[in-house]
file entry04.cif (mmCIF, N, CA and C atoms)
data_work
loop_
_atom_site.label_atom_id
_atom_site.label_comp_id
_atom_site.auth_asym_id
_atom_site.auth_seq_id
_atom_site.Cartn_x
_atom_site.Cartn_y
_atom_site.Cartn_z
N MET L 1 -2.78 10.07 7.26
CA MET L 1 -2.84 9.22 8.43
C MET L 1 -2.01 7.95 8.23
N LYS L 2 -2.07 7.37 7.04
CA LYS L 2 -1.33 6.13 6.80
C LYS L 2 0.17 6.37 6.81
N ARG L 3 0.60 7.51 6.27
CA ARG L 3 2.04 7.80 6.30
C ARG L 3 2.52 8.04 7.73
N ARG L 4 1.69 8.72 8.52
CA ARG L 4 2.06 8.95 9.91
C ARG L 4 2.19 7.63 10.65
N LEU L 5 1.24 6.75 10.46
CA LEU L 5 1.29 5.45 11.12
C LEU L 5 2.50 4.65 10.64
N ALA L 6 2.81 4.73 9.36
CA ALA L 6 4.00 4.04 8.84
C ALA L 6 5.26 4.58 9.49
N ARG L 7 5.32 5.89 9.68
CA ARG L 7 6.49 6.47 10.36
C ARG L 7 6.58 6.01 11.81
N GLU L 8 5.45 5.96 12.49
CA GLU L 8 5.44 5.48 13.88
C GLU L 8 5.96 4.05 13.94
N ILE L 9 5.46 3.22 13.04
CA ILE L 9 5.89 1.82 13.02
C ILE L 9 7.37 1.73 12.68
N ALA L 10 7.84 2.56 11.75
CA ALA L 10 9.26 2.55 11.39
C ALA L 10 10.14 2.93 12.58
N VAL L 11 9.75 3.97 13.31
CA VAL L 11 10.52 4.38 14.49
C VAL L 11 10.55 3.25 15.52
N GLN L 12 9.40 2.65 15.77
CA GLN L 12 9.33 1.56 16.73
C GLN L 12 10.13 0.35 16.25
N SER L 13 10.09 0.09 14.96
CA SER L 13 10.83 -1.05 14.40
C SER L 13 12.33 -0.83 14.50
N LEU L 14 12.78 0.37 14.20
CA LEU L 14 14.21 0.68 14.32
C LEU L 14 14.66 0.56 15.77
N TYR L 15 13.82 0.98 16.68
CA TYR L 15 14.10 0.83 18.10
C TYR L 15 14.24 -0.66 18.44
N GLN L 16 13.29 -1.46 17.97
CA GLN L 16 13.35 -2.91 18.19
C GLN L 16 14.64 -3.51 17.63
N MET L 17 15.00 -3.07 16.43
CA MET L 17 16.21 -3.59 15.80
C MET L 17 17.45 -3.28 16.63
N GLU L 18 17.49 -2.08 17.17
CA GLU L 18 18.64 -1.68 17.98
C GLU L 18 18.68 -2.43 19.31
N MET L 19 17.52 -2.65 19.89
CA MET L 19 17.46 -3.29 21.20
C MET L 19 17.61 -4.81 21.12
N ASN L 20 17.02 -5.43 20.10
CA ASN L 20 16.92 -6.88 20.06
C ASN L 20 17.66 -7.55 18.90
N GLU L 21 18.34 -6.77 18.11
CA GLU L 21 19.10 -7.30 16.98
C GLU L 21 18.25 -8.20 16.08
N VAL L 22 17.09 -7.70 15.67
CA VAL L 22 16.25 -8.39 14.69
C VAL L 22 16.36 -7.66 13.37
N ASP L 23 15.99 -8.34 12.29
CA ASP L 23 16.05 -7.68 10.99
C ASP L 23 14.81 -6.81 10.78
N ALA L 24 14.84 -6.00 9.73
CA ALA L 24 13.77 -5.03 9.47
C ALA L 24 12.42 -5.73 9.28
N GLU L 25 12.41 -6.79 8.52
CA GLU L 25 11.15 -7.47 8.24
C GLU L 25 10.48 -7.99 9.51
N ASN L 26 11.26 -8.63 10.37
CA ASN L 26 10.71 -9.16 11.62
C ASN L 26 10.31 -8.04 12.59
N ALA L 27 11.10 -6.98 12.63
CA ALA L 27 10.78 -5.86 13.52
C ALA L 27 9.45 -5.23 13.11
N VAL L 28 9.28 -4.96 11.82
CA VAL L 28 8.03 -4.37 11.34
C VAL L 28 6.87 -5.31 11.61
N ALA L 29 7.05 -6.60 11.33
CA ALA L 29 5.97 -7.57 11.55
C ALA L 29 5.54 -7.60 13.02
N MET L 30 6.50 -7.53 13.94
CA MET L 30 6.17 -7.53 15.37
C MET L 30 5.36 -6.30 15.74
N ILE L 31 5.78 -5.14 15.27
CA ILE L 31 5.09 -3.89 15.62
C ILE L 31 3.70 -3.86 14.99
N VAL L 32 3.58 -4.30 13.75
CA VAL L 32 2.27 -4.32 13.08
C VAL L 32 1.32 -5.27 13.82
N GLU L 33 1.83 -6.41 14.22
CA GLU L 33 0.99 -7.37 14.95
C GLU L 33 0.52 -6.76 16.28
N GLU L 34 1.40 -6.07 16.98
CA GLU L 34 1.01 -5.40 18.22
C GLU L 34 -0.05 -4.34 17.95
N ALA L 35 0.14 -3.58 16.87
CA ALA L 35 -0.81 -2.53 16.51
C ALA L 35 -2.17 -3.13 16.19
N LYS L 36 -2.19 -4.27 15.49
CA LYS L 36 -3.45 -4.92 15.15
C LYS L 36 -4.19 -5.34 16.41
N GLN L 37 -3.46 -5.82 17.38
CA GLN L 37 -4.09 -6.27 18.62
C GLN L 37 -4.63 -5.11 19.45
N GLU L 38 -3.95 -3.95 19.35
CA GLU L 38 -4.35 -2.79 20.14
C GLU L 38 -5.42 -1.95 19.46
N GLU L 39 -5.44 -1.93 18.16
CA GLU L 39 -6.33 -1.03 17.42
C GLU L 39 -7.35 -1.82 16.61
N SER L 40 -8.57 -1.84 17.06
CA SER L 40 -9.60 -2.53 16.30
C SER L 40 -9.83 -1.85 14.96
N GLU L 41 -9.55 -0.56 14.87
CA GLU L 41 -9.68 0.18 13.62
C GLU L 41 -8.78 -0.41 12.53
N LEU L 42 -7.59 -0.82 12.90
CA LEU L 42 -6.66 -1.39 11.94
C LEU L 42 -7.13 -2.75 11.44
N GLU L 43 -7.73 -3.53 12.30
CA GLU L 43 -8.21 -4.85 11.91
C GLU L 43 -9.28 -4.75 10.83
N ALA L 44 -10.09 -3.70 10.88
CA ALA L 44 -11.17 -3.54 9.91
C ALA L 44 -10.64 -3.15 8.54
N ASP L 45 -9.46 -2.58 8.48
CA ASP L 45 -8.91 -2.08 7.22
C ASP L 45 -7.66 -2.88 6.85
N THR L 46 -7.85 -4.13 6.46
CA THR L 46 -6.74 -5.03 6.16
C THR L 46 -5.90 -4.51 5.00
N ALA L 47 -6.54 -4.02 3.95
CA ALA L 47 -5.80 -3.50 2.81
C ALA L 47 -4.99 -2.27 3.21
N GLY L 48 -5.58 -1.42 4.01
CA GLY L 48 -4.88 -0.23 4.49
C GLY L 48 -3.70 -0.60 5.38
N LEU L 49 -3.89 -1.60 6.21
CA LEU L 49 -2.81 -2.06 7.08
C LEU L 49 -1.66 -2.63 6.27
N ALA L 50 -1.97 -3.37 5.23
CA ALA L 50 -0.92 -3.92 4.37
C ALA L 50 -0.12 -2.79 3.72
N GLN L 51 -0.79 -1.74 3.30
CA GLN L 51 -0.12 -0.59 2.70
C GLN L 51 0.76 0.11 3.74
N VAL L 52 0.25 0.28 4.94
CA VAL L 52 1.02 0.91 6.02
C VAL L 52 2.25 0.06 6.34
N ALA L 53 2.07 -1.25 6.41
CA ALA L 53 3.18 -2.16 6.72
C ALA L 53 4.25 -2.09 5.63
N ARG L 54 3.84 -2.04 4.36
CA ARG L 54 4.83 -1.92 3.26
C ARG L 54 5.60 -0.61 3.38
N ARG L 55 4.89 0.46 3.62
CA ARG L 55 5.55 1.77 3.76
C ARG L 55 6.50 1.78 4.97
N ALA L 56 6.05 1.20 6.07
CA ALA L 56 6.90 1.12 7.26
C ALA L 56 8.15 0.30 6.99
N PHE L 57 7.99 -0.81 6.26
CA PHE L 57 9.15 -1.63 5.93
C PHE L 57 10.11 -0.87 5.02
N GLU L 58 9.58 -0.15 4.03
CA GLU L 58 10.44 0.65 3.13
C GLU L 58 11.26 1.66 3.94
N LEU L 59 10.60 2.33 4.87
CA LEU L 59 11.31 3.31 5.70
C LEU L 59 12.35 2.63 6.58
N THR L 60 11.94 1.56 7.25
CA THR L 60 12.83 0.86 8.17
C THR L 60 14.04 0.29 7.43
N ALA L 61 13.79 -0.38 6.34
CA ALA L 61 14.89 -0.98 5.57
C ALA L 61 15.77 0.10 4.95
N GLY L 62 15.17 1.18 4.46
CA GLY L 62 15.94 2.28 3.87
C GLY L 62 16.86 2.94 4.89
N VAL L 63 16.33 3.19 6.08
CA VAL L 63 17.15 3.78 7.14
C VAL L 63 18.25 2.82 7.53
N ASN L 64 17.91 1.56 7.71
CA ASN L 64 18.90 0.57 8.12
C ASN L 64 20.02 0.43 7.08
N GLU L 65 19.65 0.42 5.82
CA GLU L 65 20.62 0.28 4.74
C GLU L 65 21.60 1.46 4.69
N ARG L 66 21.11 2.64 5.02
CA ARG L 66 21.94 3.86 4.93
C ARG L 66 22.28 4.43 6.31
N ARG L 67 22.18 3.60 7.32
CA ARG L 67 22.35 4.10 8.69
C ARG L 67 23.70 4.78 8.91
N ALA L 68 24.77 4.22 8.42
CA ALA L 68 26.10 4.82 8.64
C ALA L 68 26.15 6.22 8.01
N ALA L 69 25.66 6.36 6.79
CA ALA L 69 25.67 7.67 6.13
C ALA L 69 24.76 8.66 6.85
N ILE L 70 23.60 8.18 7.27
CA ILE L 70 22.66 9.04 8.00
C ILE L 70 23.26 9.48 9.32
N ASP L 71 23.88 8.56 10.04
CA ASP L 71 24.50 8.89 11.32
C ASP L 71 25.65 9.89 11.14
N ASP L 72 26.44 9.72 10.09
CA ASP L 72 27.52 10.68 9.81
C ASP L 72 26.94 12.06 9.53
N LEU L 73 25.89 12.10 8.75
CA LEU L 73 25.22 13.37 8.44
C LEU L 73 24.71 14.02 9.72
N LEU L 74 23.98 13.24 10.51
CA LEU L 74 23.42 13.79 11.75
C LEU L 74 24.52 14.26 12.71
N GLN L 75 25.59 13.49 12.81
CA GLN L 75 26.67 13.86 13.72
C GLN L 75 27.21 15.25 13.40
N HIS L 76 27.25 15.56 12.13
CA HIS L 76 27.73 16.87 11.70
C HIS L 76 26.85 18.00 12.26
N TYR L 77 25.55 17.74 12.42
CA TYR L 77 24.61 18.77 12.86
C TYR L 77 24.24 18.67 14.33
N LEU L 78 24.80 17.71 15.04
CA LEU L 78 24.53 17.55 16.47
C LEU L 78 25.56 18.33 17.28
N THR L 79 25.39 19.59 17.34
CA THR L 79 26.33 20.45 18.05
C THR L 79 26.36 20.08 19.54
N GLY L 80 27.52 19.64 20.01
CA GLY L 80 27.68 19.31 21.41
C GLY L 80 27.11 17.96 21.82
N TRP L 81 26.69 17.15 20.86
CA TRP L 81 26.12 15.84 21.14
C TRP L 81 26.82 14.78 20.32
N GLN L 82 26.77 13.55 20.79
CA GLN L 82 27.25 12.39 20.05
C GLN L 82 26.04 11.49 19.78
N MET L 83 26.02 10.82 18.64
CA MET L 83 24.90 9.96 18.30
C MET L 83 24.60 8.93 19.39
N ASP L 84 25.65 8.34 19.96
CA ASP L 84 25.42 7.29 20.95
C ASP L 84 24.94 7.84 22.29
N ARG L 85 24.96 9.17 22.46
CA ARG L 85 24.47 9.78 23.69
C ARG L 85 23.01 10.23 23.60
N LEU L 86 22.46 10.21 22.39
CA LEU L 86 21.05 10.57 22.22
C LEU L 86 20.17 9.47 22.78
N SER L 87 18.96 9.83 23.15
CA SER L 87 18.03 8.78 23.55
C SER L 87 17.76 7.91 22.32
N ARG L 88 17.48 6.64 22.56
CA ARG L 88 17.24 5.73 21.43
C ARG L 88 16.05 6.20 20.60
N VAL L 89 15.04 6.75 21.25
CA VAL L 89 13.85 7.22 20.54
C VAL L 89 14.20 8.40 19.64
N ASP L 90 14.86 9.41 20.20
CA ASP L 90 15.23 10.59 19.40
C ASP L 90 16.13 10.20 18.24
N ARG L 91 17.03 9.27 18.48
CA ARG L 91 17.95 8.82 17.44
C ARG L 91 17.19 8.20 16.26
N GLN L 92 16.20 7.36 16.57
CA GLN L 92 15.43 6.71 15.49
C GLN L 92 14.57 7.73 14.74
N ILE L 93 13.99 8.67 15.45
CA ILE L 93 13.16 9.70 14.82
C ILE L 93 14.02 10.54 13.88
N LEU L 94 15.19 10.95 14.33
CA LEU L 94 16.09 11.74 13.49
C LEU L 94 16.54 10.93 12.26
N ARG L 95 16.80 9.66 12.45
CA ARG L 95 17.21 8.82 11.32
C ARG L 95 16.11 8.74 10.26
N VAL L 96 14.88 8.50 10.69
CA VAL L 96 13.77 8.41 9.73
C VAL L 96 13.60 9.74 9.00
N ALA L 97 13.63 10.84 9.74
CA ALA L 97 13.46 12.15 9.11
C ALA L 97 14.58 12.45 8.12
N CYS L 98 15.81 12.16 8.49
CA CYS L 98 16.93 12.40 7.56
C CYS L 98 16.83 11.52 6.33
N TYR L 99 16.43 10.29 6.52
CA TYR L 99 16.25 9.40 5.37
C TYR L 99 15.21 9.99 4.42
N GLU L 100 14.10 10.44 4.96
CA GLU L 100 13.06 11.02 4.11
C GLU L 100 13.53 12.31 3.45
N LEU L 101 14.25 13.13 4.20
CA LEU L 101 14.71 14.41 3.65
C LEU L 101 15.73 14.22 2.53
N VAL L 102 16.68 13.36 2.74
CA VAL L 102 17.82 13.24 1.83
C VAL L 102 17.60 12.18 0.74
N TYR L 103 17.00 11.07 1.08
CA TYR L 103 16.95 9.94 0.16
C TYR L 103 15.60 9.71 -0.52
N ARG L 104 14.57 10.39 -0.08
CA ARG L 104 13.26 10.19 -0.69
C ARG L 104 12.84 11.46 -1.41
N GLU L 105 12.35 11.30 -2.62
CA GLU L 105 11.88 12.44 -3.41
C GLU L 105 10.38 12.64 -3.26
N ASP L 106 9.69 11.66 -2.68
CA ASP L 106 8.23 11.71 -2.60
C ASP L 106 7.70 12.31 -1.30
N VAL L 107 8.60 12.84 -0.45
CA VAL L 107 8.19 13.40 0.82
C VAL L 107 8.60 14.88 0.87
N PRO L 108 7.63 15.78 0.98
CA PRO L 108 7.98 17.20 1.12
C PRO L 108 8.79 17.42 2.41
N PRO L 109 9.87 18.20 2.33
CA PRO L 109 10.70 18.41 3.52
C PRO L 109 9.92 18.90 4.74
N LYS L 110 9.00 19.82 4.55
CA LYS L 110 8.23 20.31 5.70
C LYS L 110 7.41 19.20 6.34
N ALA L 111 6.88 18.31 5.53
CA ALA L 111 6.10 17.19 6.07
C ALA L 111 7.00 16.27 6.89
N ALA L 112 8.18 15.97 6.38
CA ALA L 112 9.12 15.10 7.11
C ALA L 112 9.49 15.71 8.46
N ILE L 113 9.75 17.01 8.47
CA ILE L 113 10.13 17.68 9.71
C ILE L 113 8.97 17.76 10.68
N ASN L 114 7.80 18.16 10.19
CA ASN L 114 6.63 18.25 11.07
C ASN L 114 6.28 16.89 11.68
N GLU L 115 6.35 15.85 10.87
CA GLU L 115 6.05 14.51 11.38
C GLU L 115 7.09 14.08 12.42
N ALA L 116 8.34 14.40 12.16
CA ALA L 116 9.39 14.04 13.14
C ALA L 116 9.17 14.75 14.46
N ILE L 117 8.80 16.01 14.41
CA ILE L 117 8.53 16.77 15.64
C ILE L 117 7.36 16.15 16.39
N GLU L 118 6.30 15.80 15.67
CA GLU L 118 5.14 15.18 16.31
C GLU L 118 5.50 13.83 16.92
N LEU L 119 6.29 13.04 16.21
CA LEU L 119 6.73 11.75 16.76
C LEU L 119 7.58 11.96 18.02
N ALA L 120 8.44 12.96 17.99
CA ALA L 120 9.28 13.25 19.15
C ALA L 120 8.43 13.67 20.35
N LYS L 121 7.42 14.46 20.11
CA LYS L 121 6.52 14.87 21.20
C LYS L 121 5.76 13.67 21.75
N HIS L 122 5.37 12.77 20.86
CA HIS L 122 4.58 11.61 21.26
C HIS L 122 5.42 10.56 21.99
N PHE L 123 6.58 10.22 21.42
CA PHE L 123 7.39 9.13 21.96
C PHE L 123 8.52 9.59 22.88
N GLY L 124 8.94 10.84 22.76
CA GLY L 124 10.12 11.30 23.49
C GLY L 124 9.79 12.01 24.79
N THR L 125 10.74 12.80 25.23
CA THR L 125 10.59 13.57 26.46
C THR L 125 9.96 14.93 26.14
N ASP L 126 9.79 15.74 27.15
CA ASP L 126 9.23 17.08 26.96
C ASP L 126 10.09 17.93 26.04
N GLU L 127 11.37 17.69 26.02
CA GLU L 127 12.29 18.49 25.22
C GLU L 127 12.58 17.90 23.84
N SER L 128 12.13 16.70 23.59
CA SER L 128 12.46 16.00 22.34
C SER L 128 12.00 16.75 21.10
N GLY L 129 10.79 17.29 21.13
CA GLY L 129 10.28 18.01 19.96
C GLY L 129 11.15 19.18 19.58
N LYS L 130 11.56 19.96 20.58
CA LYS L 130 12.43 21.12 20.32
C LYS L 130 13.80 20.67 19.82
N PHE L 131 14.32 19.63 20.42
CA PHE L 131 15.63 19.12 20.02
C PHE L 131 15.62 18.64 18.58
N VAL L 132 14.64 17.81 18.23
CA VAL L 132 14.51 17.29 16.87
C VAL L 132 14.34 18.44 15.89
N ASN L 133 13.51 19.40 16.23
CA ASN L 133 13.29 20.57 15.37
C ASN L 133 14.61 21.32 15.13
N GLY L 134 15.38 21.52 16.18
CA GLY L 134 16.65 22.23 16.05
C GLY L 134 17.64 21.52 15.14
N VAL L 135 17.77 20.23 15.32
CA VAL L 135 18.71 19.45 14.50
C VAL L 135 18.24 19.44 13.04
N LEU L 136 16.97 19.16 12.82
CA LEU L 136 16.47 19.09 11.45
C LEU L 136 16.44 20.46 10.78
N GLY L 137 16.31 21.51 11.57
CA GLY L 137 16.40 22.87 11.01
C GLY L 137 17.77 23.12 10.41
N LYS L 138 18.80 22.60 11.05
CA LYS L 138 20.16 22.72 10.50
C LYS L 138 20.32 21.88 9.24
N VAL L 139 19.75 20.69 9.26
CA VAL L 139 19.85 19.79 8.11
C VAL L 139 19.16 20.41 6.89
N ILE L 140 17.99 20.97 7.11
CA ILE L 140 17.23 21.50 5.98
C ILE L 140 17.95 22.68 5.33
N GLY L 141 18.74 23.39 6.10
CA GLY L 141 19.52 24.50 5.54
C GLY L 141 20.55 24.06 4.52
N ALA L 142 20.96 22.81 4.61
CA ALA L 142 21.97 22.28 3.69
C ALA L 142 21.40 21.18 2.80
N LEU L 143 20.07 21.10 2.71
CA LEU L 143 19.44 19.96 2.05
C LEU L 143 19.82 19.81 0.58
N ASP L 144 19.86 20.89 -0.18
CA ASP L 144 20.21 20.77 -1.59
C ASP L 144 21.60 20.16 -1.76
N GLU L 145 22.55 20.62 -0.98
CA GLU L 145 23.91 20.09 -1.05
C GLU L 145 23.95 18.63 -0.60
N LEU L 146 23.21 18.30 0.45
CA LEU L 146 23.18 16.92 0.95
C LEU L 146 22.60 15.96 -0.08
N LYS L 147 21.59 16.39 -0.81
CA LYS L 147 20.99 15.53 -1.83
C LYS L 147 21.98 15.29 -2.97
N LYS L 148 22.79 16.27 -3.27
CA LYS L 148 23.81 16.09 -4.33
C LYS L 148 24.86 15.08 -3.88
N GLN L 149 25.18 15.08 -2.59
CA GLN L 149 26.26 14.23 -2.06
C GLN L 149 25.78 12.85 -1.65
N ARG L 150 24.49 12.60 -1.62
CA ARG L 150 23.96 11.36 -1.05
C ARG L 150 24.62 10.12 -1.66
N LYS L 151 24.74 9.15 -0.80
CA LYS L 151 25.43 7.92 -1.17
C LYS L 151 24.43 6.85 -1.49
#

call {"tool": "encode", "arguments": {"input": "entry04.cif", "output": "structure tokens"}}
result
Amino acid sequence: MKRRLAREIAVQSLYQMEMNEVDAENAVAMIVEEAKQEESELEADTAGLAQVARRAFELTAGVNERRAAIDDLLQHYLTGWQMDRLSRVDRQILRVACYELVYREDVPPKAAINEAIELAKHFGTDESGKFVNGVLGKVIGALDELKKQRK
């Protein structure tokens, strides 16, 4: 549950960064503060929230730091699409999933893909889940090679 919430916050933070040109730390802090106000459950678990916020920041900062490489990778697998033509939500979800797939050793690939699909269904359009699944299915086919080439 905490990893899922961290991913949600990371996607929302990356969206904020793209829309409002804020840094990762401020974007995560804004989203966490909004979550605290909306979810009384989070207020009761301060230690858990701090852990979620740290994980969300790691994801957000990691994606932001490697965004050009991640976007180049994704562009290769976006048959008939351009990165700038994707919805902002789908773009952030794909970035987080690719970051976890290629640059993180602590996330099982199936978990990263399943979480991305769920995020796409939750935040995106009716077709987002299928779209994200299709793109990430292509990425996972080349994952061993991509990990060798990672920058």

call {"tool": "resolve_selection", "arguments": {"input": "entry04.cif", "expression": "the PyMOL selection byres (((chain L and resi 147-150 and name CA) around 9) and name CA)", "output": "list in words"}}
result
Ala69, Leu101, Val102, Tyr103, Ala142, Leu143, Asp144, Glu145, Leu146 and Lys151 of chain L

call {"tool": "atom_distance", "arguments": {"input": "entry04.cif", "atom1": "atom CA of L:Tyr99", "atom2": "atom CA of L:Lys36"}}
result
26.2 Å

call {"tool": "select_by_dssp", "arguments": {"input": "entry04.cif", "residues": "stretch 33-101 of chain L", "states": "alpha helix (DSSP H)", "output": "PyMOL selection string"}}
result
chain L and resi 33-38+40-44+46-65+67-77+88-101

call {"tool": "closest_residue", "arguments": {"input": "entry04.cif", "among": "L:Arg88, L:Asp71, L:Gly129, L:Gln37", "to": "L:Leu14", "atoms": "all atoms listed in the file"}}
result
L:Arg88

call {"tool": "atom_distance", "arguments": {"input": "entry04.cif", "atom1": "atom C of L:Ile9", "atom2": "atom N of L:Gly80"}}
result
27.9 Å

call {"tool": "atom_distance", "arguments": {"input": "entry04.cif", "atom1": "atom CA of L:Ala56", "atom2": "atom CA of L:Val28"}}
result
6.9 Å

call {"tool": "resolve_selection", "arguments": {"input": "entry04.cif", "expression": "the PyMOL selection byres (((chain L and resi 114 and name CA) around 12) and name CA)", "output": "list of chain:residue names"}}
result
L:Arg4, L:Arg7, L:Ile93, L:Leu94, L:Ala97, L:Glu100, L:Leu101, L:Val107, L:Pro108, L:Pro109, L:Lys110, L:Ala111, L:Ala112, L:Ile113, L:Glu115, L:Ala116, L:Ile117, L:Glu118, L:Leu119, L:Ala120, L:Lys121, L:Gly129, L:Lys130, L:Val132, L:Asn133, L:Gly134, L:Leu136, L:Gly137

call {"tool": "write_last_selection", "arguments": {"input": "entry04.cif", "atoms": "N, CA and C atoms", "output": "compact mmCIF listing (two decimals), in the frame of the given file"}}
result
# COMPACT_ATOMS: atom_id res chain seq x y z
N ARG L 4 1.69 8.72 8.52
CA ARG L 4 2.06 8.95 9.91
C ARG L 4 2.19 7.63 10.65
N ARG L 7 5.32 5.89 9.68
CA ARG L 7 6.49 6.47 10.36
C ARG L 7 6.58 6.01 11.81
N ILE L 93 13.99 8.67 15.45
CA ILE L 93 13.16 9.70 14.82
C ILE L 93 14.02 10.54 13.88
N LEU L 94 15.19 10.95 14.33
CA LEU L 94 16.09 11.74 13.49
C LEU L 94 16.54 10.93 12.26
N ALA L 97 13.63 10.84 9.74
CA ALA L 97 13.46 12.15 9.11
C ALA L 97 14.58 12.45 8.12
N GLU L 100 14.10 10.44 4.96
CA GLU L 100 13.06 11.02 4.11
C GLU L 100 13.53 12.31 3.45
N LEU L 101 14.25 13.13 4.20
CA LEU L 101 14.71 14.41 3.65
C LEU L 101 15.73 14.22 2.53
N VAL L 107 8.60 12.84 -0.45
CA VAL L 107 8.19 13.40 0.82
C VAL L 107 8.60 14.88 0.87
N PRO L 108 7.63 15.78 0.98
CA PRO L 108 7.98 17.20 1.12
C PRO L 108 8.79 17.42 2.41
N PRO L 109 9.87 18.20 2.33
CA PRO L 109 10.70 18.41 3.52
C PRO L 109 9.92 18.90 4.74
N LYS L 110 9.00 19.82 4.55
CA LYS L 110 8.23 20.31 5.70
C LYS L 110 7.41 19.20 6.34
N ALA L 111 6.88 18.31 5.53
CA ALA L 111 6.10 17.19 6.07
C ALA L 111 7.00 16.27 6.89
N ALA L 112 8.18 15.97 6.38
CA ALA L 112 9.12 15.10 7.11
C ALA L 112 9.49 15.71 8.46
N ILE L 113 9.75 17.01 8.47
CA ILE L 113 10.13 17.68 9.71
C ILE L 113 8.97 17.76 10.68
N GLU L 115 6.35 15.85 10.87
CA GLU L 115 6.05 14.51 11.38
C GLU L 115 7.09 14.08 12.42
N ALA L 116 8.34 14.40 12.16
CA ALA L 116 9.39 14.04 13.14
C ALA L 116 9.17 14.75 14.46
N ILE L 117 8.80 16.01 14.41
CA ILE L 117 8.53 16.77 15.64
C ILE L 117 7.36 16.15 16.39
N GLU L 118 6.30 15.80 15.67
CA GLU L 118 5.14 15.18 16.31
C GLU L 118 5.50 13.83 16.92
N LEU L 119 6.29 13.04 16.21
CA LEU L 119 6.73 11.75 16.76
C LEU L 119 7.58 11.96 18.02
N ALA L 120 8.44 12.96 17.99
CA ALA L 120 9.28 13.25 19.15
C ALA L 120 8.43 13.67 20.35
N LYS L 121 7.42 14.46 20.11
CA LYS L 121 6.52 14.87 21.20
C LYS L 121 5.76 13.67 21.75
N GLY L 129 10.79 17.29 21.13
CA GLY L 129 10.28 18.01 19.96
C GLY L 129 11.15 19.18 19.58
N LYS L 130 11.56 19.96 20.58
CA LYS L 130 12.43 21.12 20.32
C LYS L 130 13.80 20.67 19.82
N VAL L 132 14.64 17.81 18.23
CA VAL L 132 14.51 17.29 16.87
C VAL L 132 14.34 18.44 15.89
N ASN L 133 13.51 19.40 16.23
CA ASN L 133 13.29 20.57 15.37
C ASN L 133 14.61 21.32 15.13
N GLY L 134 15.38 21.52 16.18
CA GLY L 134 16.65 22.23 16.05
C GLY L 134 17.64 21.52 15.14
N LEU L 136 16.97 19.16 12.82
CA LEU L 136 16.47 19.09 11.45
C LEU L 136 16.44 20.46 10.78
N GLY L 137 16.31 21.51 11.57
CA GLY L 137 16.40 22.87 11.01
C GLY L 137 17.77 23.12 10.41

call {"tool": "residues_around", "arguments": {"input": "entry04.cif", "residues": "L:Ala24", "least_positions_apart": "5", "cutoff": "6.5 Å", "atoms": "all atoms listed in the file", "output": "ChimeraX atom specification"}}
result
/L:29,57,60-61

call {"tool": "residues_around", "arguments": {"input": "entry04.cif", "residues": "L:Val11", "least_positions_apart": "6", "cutoff": "8 Å", "atoms": "only N, CA and C atoms", "output": "PyMOL selection string"}}
result
chain L and resi 5+17+56+59-60+89+91-93+96

call {"tool": "residues_around", "arguments": {"input": "entry04.cif", "residues": "L:Asp90", "least_positions_apart": "5", "cutoff": "7 Å", "atoms": "all atoms listed in the file", "output": "list in words"}}
result
Arg95, Ala120, Phe123, Gly124 and Ser128 of chain L

call {"tool": "closest_residue", "arguments": {"input": "entry04.cif", "among": "L:Glu58, L:Met30, L:Val135, L:Arg3", "to": "L:Leu86", "atoms": "only C-alpha atoms"}}
result
L:Val135

call {"tool": "axis_aligned_box", "arguments": {"input": "entry04.cif", "around": "stretch 124-141 of chain L", "padding_each_side": "6 Å", "output": "JSON"}}
result
{"center_x": 14.7, "center_y": 17.7, "center_z": 15.8, "size_x": 23.6, "size_y": 25.7, "size_z": 34.6}

call {"tool": "residues_around", "arguments": {"input": "entry04.cif", "residues": "L:Gln16", "least_positions_apart": "5", "cutoff": "8 Å", "atoms": "only C-alpha atoms", "output": "ChimeraX atom specification"}}
result
/L:21-22,27

call {"tool": "residues_around", "arguments": {"input": "entry04.cif", "residues": "L:Lys2", "least_positions_apart": "4", "cutoff": "8 Å", "atoms": "all atoms listed in the file", "output": "list in words"}}
result
Ala6, Arg7, Glu8, Gly48, Gln51, Val52, Ala53, Arg55 and Ala56 of chain L
